[in-house]
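Structure file entry_12.tsv (TSV, C-alpha atoms and all ligand atoms) is printed below.
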chain	number	residue	atom	x	y	z
W	44	MET	CA	189.30	109.52	94.63
W	45	THR	CA	186.46	111.47	96.14
W	46	THR	CA	186.38	113.36	99.38
W	47	ALA	CA	182.99	113.21	101.03
W	48	ALA	CA	181.31	116.47	101.97
W	49	SER	CA	181.32	117.27	105.62
W	50	PRO	CA	177.99	115.98	106.93
W	51	ALA	CA	177.68	119.21	108.89
W	52	SER	CA	177.68	121.47	105.86
W	53	SER	CA	174.39	122.30	104.22
W	54	PHE	CA	176.15	123.34	101.05
W	55	THR	CA	179.23	122.19	99.23
W	56	VAL	CA	181.81	123.92	97.08
W	57	GLU	CA	183.28	121.04	95.13
W	58	VAL	CA	186.44	121.54	93.08
W	59	ASP	CA	187.34	119.09	90.32
W	60	LEU	CA	191.12	118.87	90.27
W	61	ASP	CA	191.08	116.77	87.11
W	62	ALA	CA	189.30	119.62	85.35
W	63	ILE	CA	192.05	122.04	86.42
W	64	ALA	CA	194.76	119.64	85.20
W	65	SER	CA	193.01	119.03	81.91
W	66	ASN	CA	192.37	122.75	81.38
W	67	VAL	CA	196.08	123.46	81.79
W	68	ALA	CA	196.87	120.62	79.38
W	69	ALA	CA	194.41	122.12	76.87
W	70	LEU	CA	196.00	125.56	77.24
W	71	ARG	CA	199.45	124.05	76.81
W	72	SER	CA	198.56	122.36	73.57
W	73	ARG	CA	196.98	125.60	72.34
W	74	VAL	CA	200.19	127.58	72.83
W	75	GLY	CA	202.57	125.12	71.21
W	76	ALA	CA	206.16	125.63	72.33
W	77	ALA	CA	205.30	128.35	74.84
W	78	GLN	CA	205.14	127.51	78.53
W	79	VAL	CA	202.15	127.98	80.78
W	80	MET	CA	202.34	129.92	84.04
W	81	ALA	CA	199.10	129.07	85.84
W	82	VAL	CA	197.85	132.02	87.88
W	83	VAL	CA	196.71	130.85	91.33
W	84	LYS	CA	196.21	134.21	93.04
W	85	ALA	CA	193.23	134.90	95.30
W	86	ASP	CA	193.20	131.35	96.65
W	87	ALA	CA	193.25	130.07	93.08
W	88	TYR	CA	190.19	132.18	92.17
W	89	GLY	CA	188.36	130.63	95.11
W	90	HIS	CA	189.28	127.04	94.24
W	91	GLY	CA	191.92	126.57	96.96
W	92	LEU	CA	195.54	127.61	96.45
W	93	VAL	CA	197.48	124.44	97.24
W	94	PRO	CA	195.29	121.75	95.64
W	95	ALA	CA	194.72	123.92	92.57
W	96	ALA	CA	198.43	124.69	92.23
W	97	ARG	CA	199.32	121.01	92.38
W	98	ALA	CA	196.62	120.13	89.85
W	99	ALA	CA	197.90	122.85	87.51
W	100	GLN	CA	201.41	121.45	87.78
W	101	ARG	CA	200.06	117.99	87.07
W	102	GLY	CA	198.48	119.41	83.90
W	103	GLY	CA	201.86	120.71	82.81
W	104	ALA	CA	202.14	124.24	84.19
W	105	ALA	CA	205.85	125.12	84.08
W	106	ALA	CA	205.37	127.96	86.54
W	107	LEU	CA	202.83	129.45	88.93
W	108	GLY	CA	201.91	133.08	89.43
W	109	VAL	CA	200.26	134.90	92.31
W	110	ALA	CA	199.57	138.56	92.88
W	111	GLN	CA	200.55	139.14	96.49
W	112	LEU	CA	203.98	138.32	97.82
W	113	ALA	CA	202.35	136.90	100.95
W	114	GLU	CA	200.40	134.41	98.83
W	115	ALA	CA	203.63	133.24	97.25
W	116	ILE	CA	205.18	132.64	100.67
W	117	THR	CA	202.06	130.75	101.77
W	118	ALA	CA	202.25	128.54	98.68
W	119	ARG	CA	205.95	127.79	99.19
W	120	ASP	CA	205.54	127.03	102.86
W	121	ALA	CA	202.73	124.64	101.97
W	122	GLY	CA	205.22	122.71	99.84
W	123	ILE	CA	204.55	124.10	96.38
W	124	GLU	CA	207.81	123.81	94.43
W	125	GLY	CA	209.00	125.13	91.09
W	126	PRO	CA	209.06	128.59	89.55
W	127	LEU	CA	206.65	130.90	91.37
W	128	LEU	CA	206.22	134.58	90.50
W	129	THR	CA	204.72	137.41	92.57
W	130	TRP	CA	203.92	140.90	91.34
W	131	LEU	CA	202.19	142.79	94.13
W	132	TYR	CA	203.69	144.10	97.35
W	133	ALA	CA	203.99	147.37	99.21
W	134	PRO	CA	206.88	148.76	101.26
W	135	GLY	CA	207.37	146.61	104.34
W	136	ALA	CA	206.54	143.33	102.57
W	137	ASP	CA	208.78	140.37	103.33
W	138	VAL	CA	210.83	140.55	100.14
W	139	ALA	CA	213.75	138.85	101.88
W	140	GLY	CA	211.48	135.98	102.90
W	141	ALA	CA	210.30	135.59	99.32
W	142	LEU	CA	213.81	135.58	97.87
W	143	ASP	CA	215.02	133.14	100.55
W	144	ARG	CA	212.32	130.77	99.32
W	145	GLY	CA	213.39	131.09	95.72
W	146	ILE	CA	210.28	133.06	94.80
W	147	GLU	CA	210.67	135.21	91.69
W	148	VAL	CA	209.84	138.83	92.51
W	149	THR	CA	208.57	141.36	89.99
W	150	ILE	CA	210.28	144.74	89.92
W	151	SER	CA	208.28	147.69	88.62
W	152	SER	CA	210.01	150.60	90.28
W	153	ARG	CA	213.14	151.91	91.98
W	154	TRP	CA	211.90	151.27	95.50
W	155	GLN	CA	211.18	147.64	94.62
W	156	LEU	CA	214.63	147.30	93.09
W	157	ASP	CA	216.13	148.66	96.30
W	158	ALA	CA	214.06	146.24	98.42
W	159	VAL	CA	215.35	143.32	96.36
W	160	LEU	CA	218.91	144.61	96.48
W	161	ASP	CA	218.91	144.81	100.28
W	162	THR	CA	218.53	141.03	100.34
W	163	ALA	CA	220.56	140.24	97.25
W	164	TRP	CA	223.69	142.00	98.51
W	165	ALA	CA	223.41	140.33	101.90
W	166	SER	CA	222.80	136.83	100.56
W	167	GLY	CA	225.54	136.83	97.96
W	168	ARG	CA	223.20	135.08	95.52
W	169	ALA	CA	221.67	136.51	92.37
W	170	ALA	CA	218.04	137.40	93.13
W	171	PRO	CA	215.56	135.92	90.60
W	172	VAL	CA	213.44	138.76	89.26
W	173	HIS	CA	211.07	139.64	86.46
W	174	LEU	CA	210.89	143.20	85.17
W	175	LYS	CA	207.48	144.63	84.47
W	176	VAL	CA	206.92	147.25	81.84
W	177	ASP	CA	203.76	149.36	81.78
W	178	THR	CA	202.74	149.46	78.13
W	179	GLY	CA	199.52	151.37	78.74
W	180	LEU	CA	197.42	149.74	81.47
W	181	ALA	CA	198.75	152.32	83.92
W	182	ARG	CA	198.69	149.83	86.77
W	183	GLY	CA	201.88	147.98	87.79
W	184	GLY	CA	205.09	148.29	85.81
W	185	ALA	CA	207.57	150.97	84.81
W	186	LEU	CA	205.99	153.17	82.19
W	187	LEU	CA	207.52	153.24	78.71
W	188	ASP	CA	206.03	156.41	77.27
W	189	GLY	CA	208.85	158.13	75.44
W	190	ALA	CA	212.60	158.42	75.03
W	191	ALA	CA	213.39	159.12	78.68
W	192	SER	CA	210.88	156.97	80.52
W	193	ALA	CA	210.69	155.20	83.87
W	194	TRP	CA	211.41	151.99	81.93
W	195	HIS	CA	214.64	153.44	80.57
W	196	ASP	CA	215.66	154.43	84.11
W	197	LEU	CA	214.82	151.01	85.54
W	198	VAL	CA	216.73	149.20	82.80
W	199	ALA	CA	219.74	151.48	83.30
W	200	ALA	CA	219.74	150.72	87.03
W	201	VAL	CA	219.28	146.97	86.56
W	202	ALA	CA	221.84	146.34	83.79
W	203	PRO	CA	225.03	146.76	85.88
W	204	LEU	CA	223.52	144.65	88.68
W	205	VAL	CA	222.91	141.82	86.22
W	206	ALA	CA	226.49	142.13	85.03
W	207	GLU	CA	227.71	141.92	88.65
W	208	GLY	CA	225.63	138.81	89.32
W	209	VAL	CA	223.37	140.51	91.88
W	210	LEU	CA	220.18	140.13	89.83
W	211	ASP	CA	219.08	137.26	87.64
W	212	VAL	CA	216.45	138.56	85.20
W	213	ARG	CA	214.18	135.59	84.48
W	214	GLY	CA	211.57	137.47	82.50
W	215	ILE	CA	210.13	140.71	81.21
W	216	TRP	CA	206.36	141.08	81.16
W	217	GLN	CA	203.39	143.36	80.64
W	218	HIS	CA	199.59	143.13	81.08
W	219	PHE	CA	196.83	143.99	78.59
W	220	VAL	CA	194.09	146.61	78.88
W	221	TYR	CA	191.67	144.95	76.46
W	222	ALA	CA	192.74	141.34	75.95
W	223	ASP	CA	189.05	140.38	75.97
W	224	ALA	CA	188.50	142.53	72.86
W	225	PRO	CA	191.20	141.07	70.60
W	226	ASP	CA	190.62	143.61	67.82
W	227	HIS	CA	190.86	146.61	70.09
W	228	PRO	CA	193.69	148.89	68.85
W	229	THR	CA	195.32	148.97	72.29
W	230	VAL	CA	196.19	145.28	71.98
W	231	ARG	CA	198.45	145.75	68.97
W	232	HIS	CA	199.85	148.98	70.39
W	233	GLN	CA	200.77	147.39	73.71
W	234	GLN	CA	202.51	144.55	71.92
W	235	GLU	CA	204.57	147.08	69.96
W	236	VAL	CA	205.50	148.99	73.12
W	237	TYR	CA	206.44	145.70	74.76
W	238	THR	CA	208.70	144.74	71.84
W	239	GLU	CA	210.40	148.11	72.18
W	240	ALA	CA	210.81	147.59	75.93
W	241	VAL	CA	212.57	144.28	75.35
W	242	ALA	CA	214.82	145.89	72.75
W	243	ILE	CA	215.77	148.64	75.20
W	244	ALA	CA	216.68	146.01	77.79
W	245	ARG	CA	218.75	144.04	75.28
W	246	ARG	CA	220.60	147.17	74.17
W	247	ALA	CA	221.52	147.74	77.81
W	248	GLY	CA	222.94	144.23	77.95
W	249	ILE	CA	220.06	142.51	79.77
W	250	ASP	CA	218.98	139.09	78.49
W	251	PRO	CA	215.19	139.38	78.88
W	252	GLY	CA	214.67	135.73	79.86
W	253	LEU	CA	211.08	134.61	79.43
W	254	GLN	CA	208.89	137.06	77.56
W	255	HIS	CA	205.30	136.76	78.80
W	256	ILE	CA	202.36	139.05	78.13
W	257	ALA	CA	199.20	136.94	77.68
W	258	ASN	CA	196.41	136.43	80.21
W	259	SER	CA	193.58	133.93	79.55
W	260	ALA	CA	191.80	136.08	76.98
W	261	ALA	CA	194.97	136.61	74.96
W	262	THR	CA	195.83	132.92	75.29
W	263	LEU	CA	192.45	132.00	73.80
W	264	THR	CA	192.23	134.67	71.10
W	265	ASN	CA	195.64	136.07	70.18
W	266	PRO	CA	198.41	133.66	69.11
W	267	SER	CA	200.78	136.57	68.41
W	268	SER	CA	200.87	137.13	72.19
W	269	TYR	CA	202.18	133.69	73.19
W	270	LEU	CA	205.93	134.48	73.08
W	271	ASP	CA	207.84	132.29	75.59
W	272	MET	CA	205.13	131.86	78.20
W	273	VAL	CA	201.44	132.65	78.78
W	274	ARG	CA	199.86	133.57	82.13
W	275	PRO	CA	196.27	132.32	82.16
W	276	GLY	CA	194.17	132.48	85.30
W	277	VAL	CA	190.44	132.18	84.83
W	278	ALA	CA	190.75	129.68	81.95
W	279	VAL	CA	192.66	127.32	84.25
W	280	TYR	CA	189.43	127.03	86.24
W	281	GLY	CA	187.39	126.33	83.14
W	282	LEU	CA	185.74	129.71	82.66
W	283	SER	CA	185.73	131.75	79.47
W	284	PRO	CA	187.17	135.26	79.79
W	285	VAL	CA	185.44	136.09	76.51
W	286	PRO	CA	181.91	134.70	76.94
W	287	ASP	CA	180.67	136.60	73.90
W	288	LEU	CA	183.30	134.92	71.71
W	289	GLY	CA	183.26	131.40	73.06
W	290	SER	CA	182.07	129.10	75.84
W	291	PRO	CA	184.43	127.02	77.96
W	292	GLN	CA	183.53	124.01	75.83
W	293	ASP	CA	184.42	125.92	72.65
W	294	TYR	CA	187.95	126.26	74.06
W	295	GLY	CA	188.25	122.71	75.38
W	296	LEU	CA	187.83	123.85	78.99
W	297	ARG	CA	185.70	122.42	81.79
W	298	GLU	CA	184.33	124.34	84.78
W	299	ALA	CA	186.16	123.15	87.90
W	300	MET	CA	183.83	124.53	90.58
W	301	ARG	CA	180.44	123.10	91.41
W	302	VAL	CA	178.27	124.54	94.19
W	303	THR	CA	175.35	122.57	95.55
W	304	ALA	CA	173.11	123.03	98.58
W	305	ARG	CA	170.44	121.09	100.40
W	306	LEU	CA	167.05	122.63	100.85
W	307	ALA	CA	166.65	123.58	104.49
W	308	LEU	CA	162.89	124.05	104.34
W	309	VAL	CA	160.05	123.72	101.83
W	310	LYS	CA	156.60	125.20	102.27
W	311	ARG	CA	153.34	125.74	100.44
W	312	VAL	CA	152.34	129.35	99.95
W	313	ARG	CA	149.41	131.02	98.25
W	314	ALA	CA	149.33	133.03	95.06
W	315	GLY	CA	150.30	136.62	95.72
W	316	GLN	CA	152.52	135.89	98.71
W	317	GLY	CA	155.57	138.19	98.74
W	318	VAL	CA	158.87	136.42	99.38
W	319	SER	CA	162.05	137.54	101.20
W	320	TYR	CA	163.04	141.08	102.24
W	321	ALA	CA	161.03	143.87	100.67
W	322	HIS	CA	158.86	141.32	98.91
W	323	LEU	CA	160.67	141.84	95.61
W	324	TRP	CA	159.03	138.68	94.27
W	325	HIS	CA	155.42	137.49	94.60
W	326	CYS	CA	154.17	133.98	93.98
W	327	PRO	CA	152.39	134.02	90.63
W	328	ARG	CA	150.22	131.05	91.75
W	329	ASP	CA	149.87	128.74	94.69
W	330	THR	CA	153.25	127.05	94.84
W	331	VAL	CA	155.96	125.46	96.95
W	332	ILE	CA	158.95	127.58	97.88
W	333	GLY	CA	162.29	126.27	99.10
W	334	LEU	CA	164.89	127.80	101.38
W	335	VAL	CA	168.48	127.42	100.16
W	336	PRO	CA	170.88	127.98	103.07
W	337	MET	CA	173.43	130.19	101.27
W	338	GLY	CA	173.52	133.95	100.98
W	339	TYR	CA	175.78	136.90	100.41
W	340	ALA	CA	177.95	135.95	103.38
W	341	ASP	CA	178.76	132.87	101.32
W	342	GLY	CA	179.62	134.86	98.22
W	343	LEU	CA	176.29	134.91	96.39
W	344	PRO	CA	176.08	138.45	95.04
W	345	ARG	CA	173.17	140.44	96.44
W	346	THR	CA	172.78	141.94	92.97
W	347	ALA	CA	171.71	138.48	91.79
W	348	SER	CA	168.41	139.00	93.65
W	349	ASN	CA	165.39	137.96	91.57
W	350	GLY	CA	167.60	136.67	88.81
W	351	ALA	CA	170.38	134.11	89.07
W	352	PRO	CA	169.38	130.57	88.10
W	353	VAL	CA	169.23	127.64	90.48
W	354	GLN	CA	168.69	124.06	89.32
W	355	ARG	CA	165.78	122.41	91.13
W	356	PRO	CA	165.97	118.78	92.24
W	357	ASP	CA	164.06	117.78	89.08
W	358	GLY	CA	166.74	119.35	86.87
W	359	THR	CA	164.79	122.43	85.75
W	360	HIS	CA	166.09	125.93	86.41
W	361	THR	CA	164.36	128.71	88.34
W	362	PRO	CA	165.57	132.22	89.16
W	363	ILE	CA	166.20	133.21	92.78
W	364	ALA	CA	162.86	134.36	94.20
W	365	GLY	CA	163.32	137.77	95.75
W	366	ARG	CA	166.26	139.18	97.59
W	367	VAL	CA	169.53	137.44	98.37
W	368	CYS	CA	169.87	137.60	102.18
W	369	MET	CA	173.04	137.24	104.23
W	370	ASP	CA	172.66	133.52	104.79
W	371	GLN	CA	169.85	132.33	102.55
W	372	ILE	CA	167.90	132.60	99.34
W	373	MET	CA	164.45	131.36	98.35
W	374	ILE	CA	163.43	129.59	95.16
W	375	ASP	CA	160.10	128.67	93.59
W	376	LEU	CA	159.95	124.87	93.45
W	377	GLY	CA	156.66	124.85	91.55
W	378	PRO	CA	153.16	123.77	92.63
W	379	ASP	CA	153.80	120.08	91.95
W	380	PHE	CA	157.00	119.78	93.96
W	381	ALA	CA	157.01	116.36	95.57
W	382	GLY	CA	160.42	116.46	97.25
W	383	ALA	CA	161.42	117.46	100.72
W	384	ALA	CA	163.91	119.38	102.82
W	385	GLY	CA	167.31	117.82	102.25
W	386	ASP	CA	166.91	117.59	98.48
W	387	GLU	CA	169.87	118.97	96.55
W	388	VAL	CA	169.87	122.02	94.31
W	389	VAL	CA	172.72	123.18	92.08
W	390	LEU	CA	173.70	126.83	92.15
W	391	ILE	CA	176.82	126.70	89.99
W	392	GLY	CA	177.98	123.81	87.90
W	393	ARG	CA	178.91	122.75	84.42
W	394	GLY	CA	177.29	124.21	81.36
W	395	ASP	CA	177.81	121.03	79.34
W	396	ARG	CA	175.66	119.18	81.88
W	397	GLY	CA	172.88	121.73	81.69
W	398	GLU	CA	173.66	123.15	85.11
W	399	PRO	CA	173.62	126.89	85.89
W	400	THR	CA	177.10	128.33	85.42
W	401	ALA	CA	179.23	131.05	86.97
W	402	GLN	CA	178.68	132.89	83.69
W	403	ASP	CA	174.89	132.74	84.18
W	404	TRP	CA	175.32	134.14	87.68
W	405	ALA	CA	177.63	136.86	86.41
W	406	GLU	CA	175.06	137.99	83.87
W	407	ALA	CA	172.29	138.01	86.47
W	408	ALA	CA	174.44	139.93	88.95
W	409	GLY	CA	175.97	142.44	86.55
W	410	THR	CA	179.53	141.23	87.03
W	411	ILE	CA	182.06	138.82	85.50
W	412	ASN	CA	182.43	135.09	86.09
W	413	TYR	CA	185.80	135.73	87.79
W	414	GLU	CA	184.07	137.48	90.68
W	415	ILE	CA	181.45	134.77	91.11
W	416	VAL	CA	183.95	131.96	91.73
W	417	THR	CA	186.59	134.04	93.50
W	418	ARG	CA	184.15	135.25	96.15
W	419	MET	CA	182.36	131.95	96.58
W	420	ALA	CA	181.76	130.75	100.11
W	421	PRO	CA	184.67	132.13	102.06
W	422	ARG	CA	183.23	130.41	105.15
W	423	ALA	CA	182.79	127.01	103.52
W	424	PRO	CA	185.48	124.37	103.25
W	425	ARG	CA	186.25	123.14	99.74
W	426	THR	CA	185.60	119.55	98.80
W	427	TYR	CA	187.95	118.11	96.22
W	428	VAL	CA	187.41	115.42	93.64
W	429	GLY	CA	189.91	114.02	91.18
W	430	GLU	CA	193.47	112.80	91.41
W	431	GLY	CA	195.40	114.29	94.30
W	432	ALA	CA	192.31	115.36	96.24
W	433	PRO	CA	193.32	116.08	99.84
G	501	LIG	C1	195.19	137.96	87.19
G	501	LIG	C2	196.33	138.11	86.28
G	501	LIG	C3	196.52	137.22	85.21
G	501	LIG	C4	195.49	136.18	84.84
G	501	LIG	O1	194.38	136.84	84.31
G	501	LIG	P1	193.15	136.01	83.68
G	501	LIG	O2	192.35	137.04	83.00
G	501	LIG	O3	192.45	135.39	84.83
G	501	LIG	O4	193.75	135.02	82.77
G	501	LIG	C5	197.65	137.33	84.46
G	501	LIG	N1	198.56	138.29	84.72
G	501	LIG	C6	198.39	139.19	85.72
G	501	LIG	C7	199.41	140.24	85.94
G	501	LIG	C8	197.27	139.15	86.51
G	501	LIG	O5	197.11	140.04	87.49
Let me see whether you can do it: turn the structure in this file into structure tokens.
Amino acid sequence: MTTAASPASSFTVEVDLDAIASNVAALRSRVGAAQVMAVVKADAYGHGLVPAARAAQRGGAAALGVAQLAEAITARDAGIEGPLLTWLYAPGADVAGALDRGIEVTISSRWQLDAVLDTAWASGRAAPVHLKVDTGLARGGALLDGAASAWHDLVAAVAPLVAEGVLDVRGIWQHFVYADAPDHPTVRHQQEVYTEAVAIARRAGIDPGLQHIANSAATLTNPSSYLDMVRPGVAVYGLSPVPDLGSPQDYGLREAMRVTARLALVKRVRAGQGVSYAHLWHCPRDTVIGLVPMGYADGLPRTASNGAPVQRPDGTHTPIAGRVCMDQIMIDLGPDFAGAAGDEVVLIGRGDRGEPTAQDWAEAAGTINYEIVTRMAPRAPRTYVGEGAP
């Protein structure tokens, strides 16, 4: 099933739901008996929360993960069922609303434990929670950094509540500093600290539930990190978190996002003509330039000026000519261009089809592929292809 692009839009962000499902299936077979929690935070890295979540479940994701508690509530209220974990919220967040919806809430600290308990006592049901240990990232989690750590305190507070049936610990987890550098010494060290954290919880009488520590990079490079469940995000969308080690195709993944635009204008200009703000690019010869109606307001990084590749209608690639503007970019179509306004160009597509990729854009813009897709076209509706397309 294919959903047609809105005729009004001059560019299209197309998301291939079959690619998402098949990427999850590929990740599942990679991790053997471990489960996959597909991370669908940040509107599924720009791919659209609800359709992407359903596609991930179709591919065999046993659970879904989002950062913000509000995203979890949005997903539930849109009809997304099954285990759903959140790990980011500040005082005042609707923890009660999350627990009422059966959302699993991560506890990293005493105040979060208290926020969960307020609801758990009142509801009379065991609140489903995951405990997060900080093994060295120094971001979320209770730090385990010695014999009398915040982790020890959290475990001591949680254990009697588990025994009383107030809390249901579904998992204990951590997050890596350097998963994209599998040989970095912190990787091994964090795994050792994590093992110790689980042992401390067990000694206090807490069954740790699902042990999960691996993001995409660990899932693709570090089998010792699989444990009971892995938590890939970017790989679900067909991007490699370790582009220096392997391409999506090397890992059996397929890019799910494809961004195309129609030329709004084409014009002949003379050699030496400067193009776009500040004339950062000059025509090396008489040529035809084309106006692509997308800019930084649509998520194209301004740092990709004079660099990121665009596929011309004839299939060849050309770098953006000059500066990325708010709403538009220019490209050099070449002196022999015989097409017209309305012809399609590809900004981001699939590497195995010879199209420019999010990774190419990341390299041109000095960032990572995650940021390219996640920030893509906030003002443009997504178009879905594949089974289950809305
Ligand atoms: C974003 C995130 C992930 C997924 O990371 P990827 O690198 O995209 O696989 C996993 N766990 C946590 C805690 C995250 O914040």
Considering only C-alpha atoms and all ligand atoms, tabulate each residue of chain W that lies at most 7 Å from ligand LIG 501 (chain G) along with its nearest interatomic pair and the corresponding distance in Å to one decimal; arrange the rows by chain and ascending residue number and present them as a Markdown table.
| residue | atom | partner | partner_atom | distance |
| --- | --- | --- | --- | --- |
| W:Val82 | CA | G:LIG501 | C4 | 5.7 |
| W:Ala110 | CA | G:LIG501 | O5 | 6.1 |
| W:His218 | CA | G:LIG501 | C7 | 5.7 |
| W:Ala257 | CA | G:LIG501 | C5 | 7.0 |
| W:Asn258 | CA | G:LIG501 | O4 | 4.0 |
| W:Ser259 | CA | G:LIG501 | O4 | 3.4 |
| W:Ala260 | CA | G:LIG501 | O2 | 6.1 |
| W:Arg274 | CA | G:LIG501 | C5 | 4.9 |
| W:Pro275 | CA | G:LIG501 | O4 | 3.7 |
| W:Gly276 | CA | G:LIG501 | O3 | 3.4 |
| W:Val277 | CA | G:LIG501 | O3 | 3.8 |
| W:Ala278 | CA | G:LIG501 | O4 | 6.2 |
| W:Pro284 | CA | G:LIG501 | O2 | 6.3 |
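Reported to one decimal place, the separation of CA of Glu298 in chain W from CA of Arg393 in chain W is 5.7 Å.
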Need the shell around range 56-69 of chain W: protein/DNA/RNA residues with any atom at most 6 Å away, counting all atoms listed in the file. Skip same-chain ones fewer than 3 positions apart. Format as a short mmCIF file (atom, residue, chain, number, x, y, z; two decimals) with C-alpha atoms, keeping the file's coordinate frame?
data_model
loop_
_atom_site.label_atom_id
_atom_site.label_comp_id
_atom_site.auth_asym_id
_atom_site.auth_seq_id
_atom_site.Cartn_x
_atom_site.Cartn_y
_atom_site.Cartn_z
CA SER W 72 198.56 122.36 73.57
CA ALA W 98 196.62 120.13 89.85
CA ALA W 99 197.90 122.85 87.51
CA ARG W 101 200.06 117.99 87.07
CA GLY W 102 198.48 119.41 83.90
CA VAL W 279 192.66 127.32 84.25
CA TYR W 280 189.43 127.03 86.24
CA LEU W 296 187.83 123.85 78.99
CA ARG W 297 185.70 122.42 81.79
CA ALA W 299 186.16 123.15 87.90
CA MET W 300 183.83 124.53 90.58
CA ARG W 301 180.44 123.10 91.41
CA VAL W 302 178.27 124.54 94.19
CA ARG W 425 186.25 123.14 99.74
CA THR W 426 185.60 119.55 98.80
CA TYR W 427 187.95 118.11 96.22
CA VAL W 428 187.41 115.42 93.64
CA GLY W 429 189.91 114.02 91.18
#
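Closest approach to Val172 in chain W from the set W:Gln233, W:Thr129, W:Ser192, W:Gln111 is made by W:Thr129, with distances taken over only C-alpha atoms.
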Exercise for the section: Pick out the residues sitting within 9 Å of range 235-243 of chain W, and hand them over as a ChimeraX atom specification; count all atoms listed in the file, and ignore anything fewer than 5 positions along from it in its own chain. Expected result: /W:176-179,187-188,194-195,198,215-217,230,248-251,254,256
Problem - Nearest to Gly315 in chain W by atom-to-atom distance, counting all atoms listed in the file, from W:Thr417, W:Gln371, W:Asn265, W:Thr330 - result: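 Smallest distance to Gly315 in chain W is found for W:Thr330.
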Problem - Best match for closeness to Tyr339 in chain W among W:Ala381, W:Met419, W:Ala304, W:Ala401, counting all atoms listed in the file - result: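 Of all the options, W:Met419 lies closest to Tyr339 in chain W.
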Practice task
Find the residues around Ala141 in chain W up to 9 Å (all atoms listed in the file counted), leave out those fewer than 2 positions away in its own chain, and share them as a PyMOL selection string.
Solution key: chain W and resi 112-113+115-116+119+129+137-139+143-148
Exercise for the section: Would you work out the distance separating CA of Met369 in chain W from CA of Arg313 in chain W, expressed in Å to one decimal? Expected result: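 For CA of Met369 in chain W relative to CA of Arg313 in chain W, the distance reads 25.2 Å.
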For Asp226 in chain W, list every protein, DNA or RNA residue within 10 Å, evaluated using only C-alpha atoms, and leave out those in the same chain fewer than 5 positions away; present the list as a compact mmCIF listing (two decimals) with C-alpha atoms, in the coordinates of the input.
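For reference, selection37.txt as written:
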# COMPACT_ATOMS: atom_id res chain seq x y z
CA TYR W 221 191.67 144.95 76.46
CA ARG W 231 198.45 145.75 68.97
CA THR W 264 192.23 134.67 71.10
CA ASN W 265 195.64 136.07 70.18
Practice task
Would you be able to write out as a ChimeraX atom specification which residues have an atom within 10 Å of (204.4, 133.7, 69.4) in the file's coordinates, counting only C-alpha atoms?
Solution key: /W:74-77,254-255,265-273
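Proximity ranking of W:Arg71, W:Arg345, W:His360, W:Lys175 relative to Ala104 in chain W places W:Arg71 first, based on only C-alpha atoms.
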Handout entry: Contact residues around Glu414 in chain W with only C-alpha atoms at 12 Å, ignoring same-chain residues under 3 positions, as a PyMOL selection string
Key = chain W and resi 85+88-89+277+282+284+342-344+401-402+404-406+408-411+417-420
What would the file look like if the residues just selected were written as a PDB file, in the frame of the given file with C-alpha atoms?
ATOM      1  CA  ALA W  85     193.230 134.900  95.300  1.00  0.00           C
ATOM      2  CA  TYR W  88     190.190 132.180  92.170  1.00  0.00           C
ATOM      3  CA  GLY W  89     188.360 130.630  95.110  1.00  0.00           C
ATOM      4  CA  VAL W 277     190.440 132.180  84.830  1.00  0.00           C
ATOM      5  CA  LEU W 282     185.740 129.710  82.660  1.00  0.00           C
ATOM      6  CA  PRO W 284     187.170 135.260  79.790  1.00  0.00           C
ATOM      7  CA  GLY W 342     179.620 134.860  98.220  1.00  0.00           C
ATOM      8  CA  LEU W 343     176.290 134.910  96.390  1.00  0.00           C
ATOM      9  CA  PRO W 344     176.080 138.450  95.040  1.00  0.00           C
ATOM     10  CA  ALA W 401     179.230 131.050  86.970  1.00  0.00           C
ATOM     11  CA  GLN W 402     178.680 132.890  83.690  1.00  0.00           C
ATOM     12  CA  TRP W 404     175.320 134.140  87.680  1.00  0.00           C
ATOM     13  CA  ALA W 405     177.630 136.860  86.410  1.00  0.00           C
ATOM     14  CA  GLU W 406     175.060 137.990  83.870  1.00  0.00           C
ATOM     15  CA  ALA W 408     174.440 139.930  88.950  1.00  0.00           C
ATOM     16  CA  GLY W 409     175.970 142.440  86.550  1.00  0.00           C
ATOM     17  CA  THR W 410     179.530 141.230  87.030  1.00  0.00           C
ATOM     18  CA  ILE W 411     182.060 138.820  85.500  1.00  0.00           C
ATOM     19  CA  THR W 417     186.590 134.040  93.500  1.00  0.00           C
ATOM     20  CA  ARG W 418     184.150 135.250  96.150  1.00  0.00           C
ATOM     21  CA  MET W 419     182.360 131.950  96.580  1.00  0.00           C
ATOM     22  CA  ALA W 420     181.760 130.750 100.110  1.00  0.00           C
TER      23      ALA W 420
END
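The residue that comes closest to Phe219 in chain W, out of W:Gln354, W:Thr162, W:Gln234, W:Thr361 and on the basis of all atoms listed in the file, is W:Gln234.
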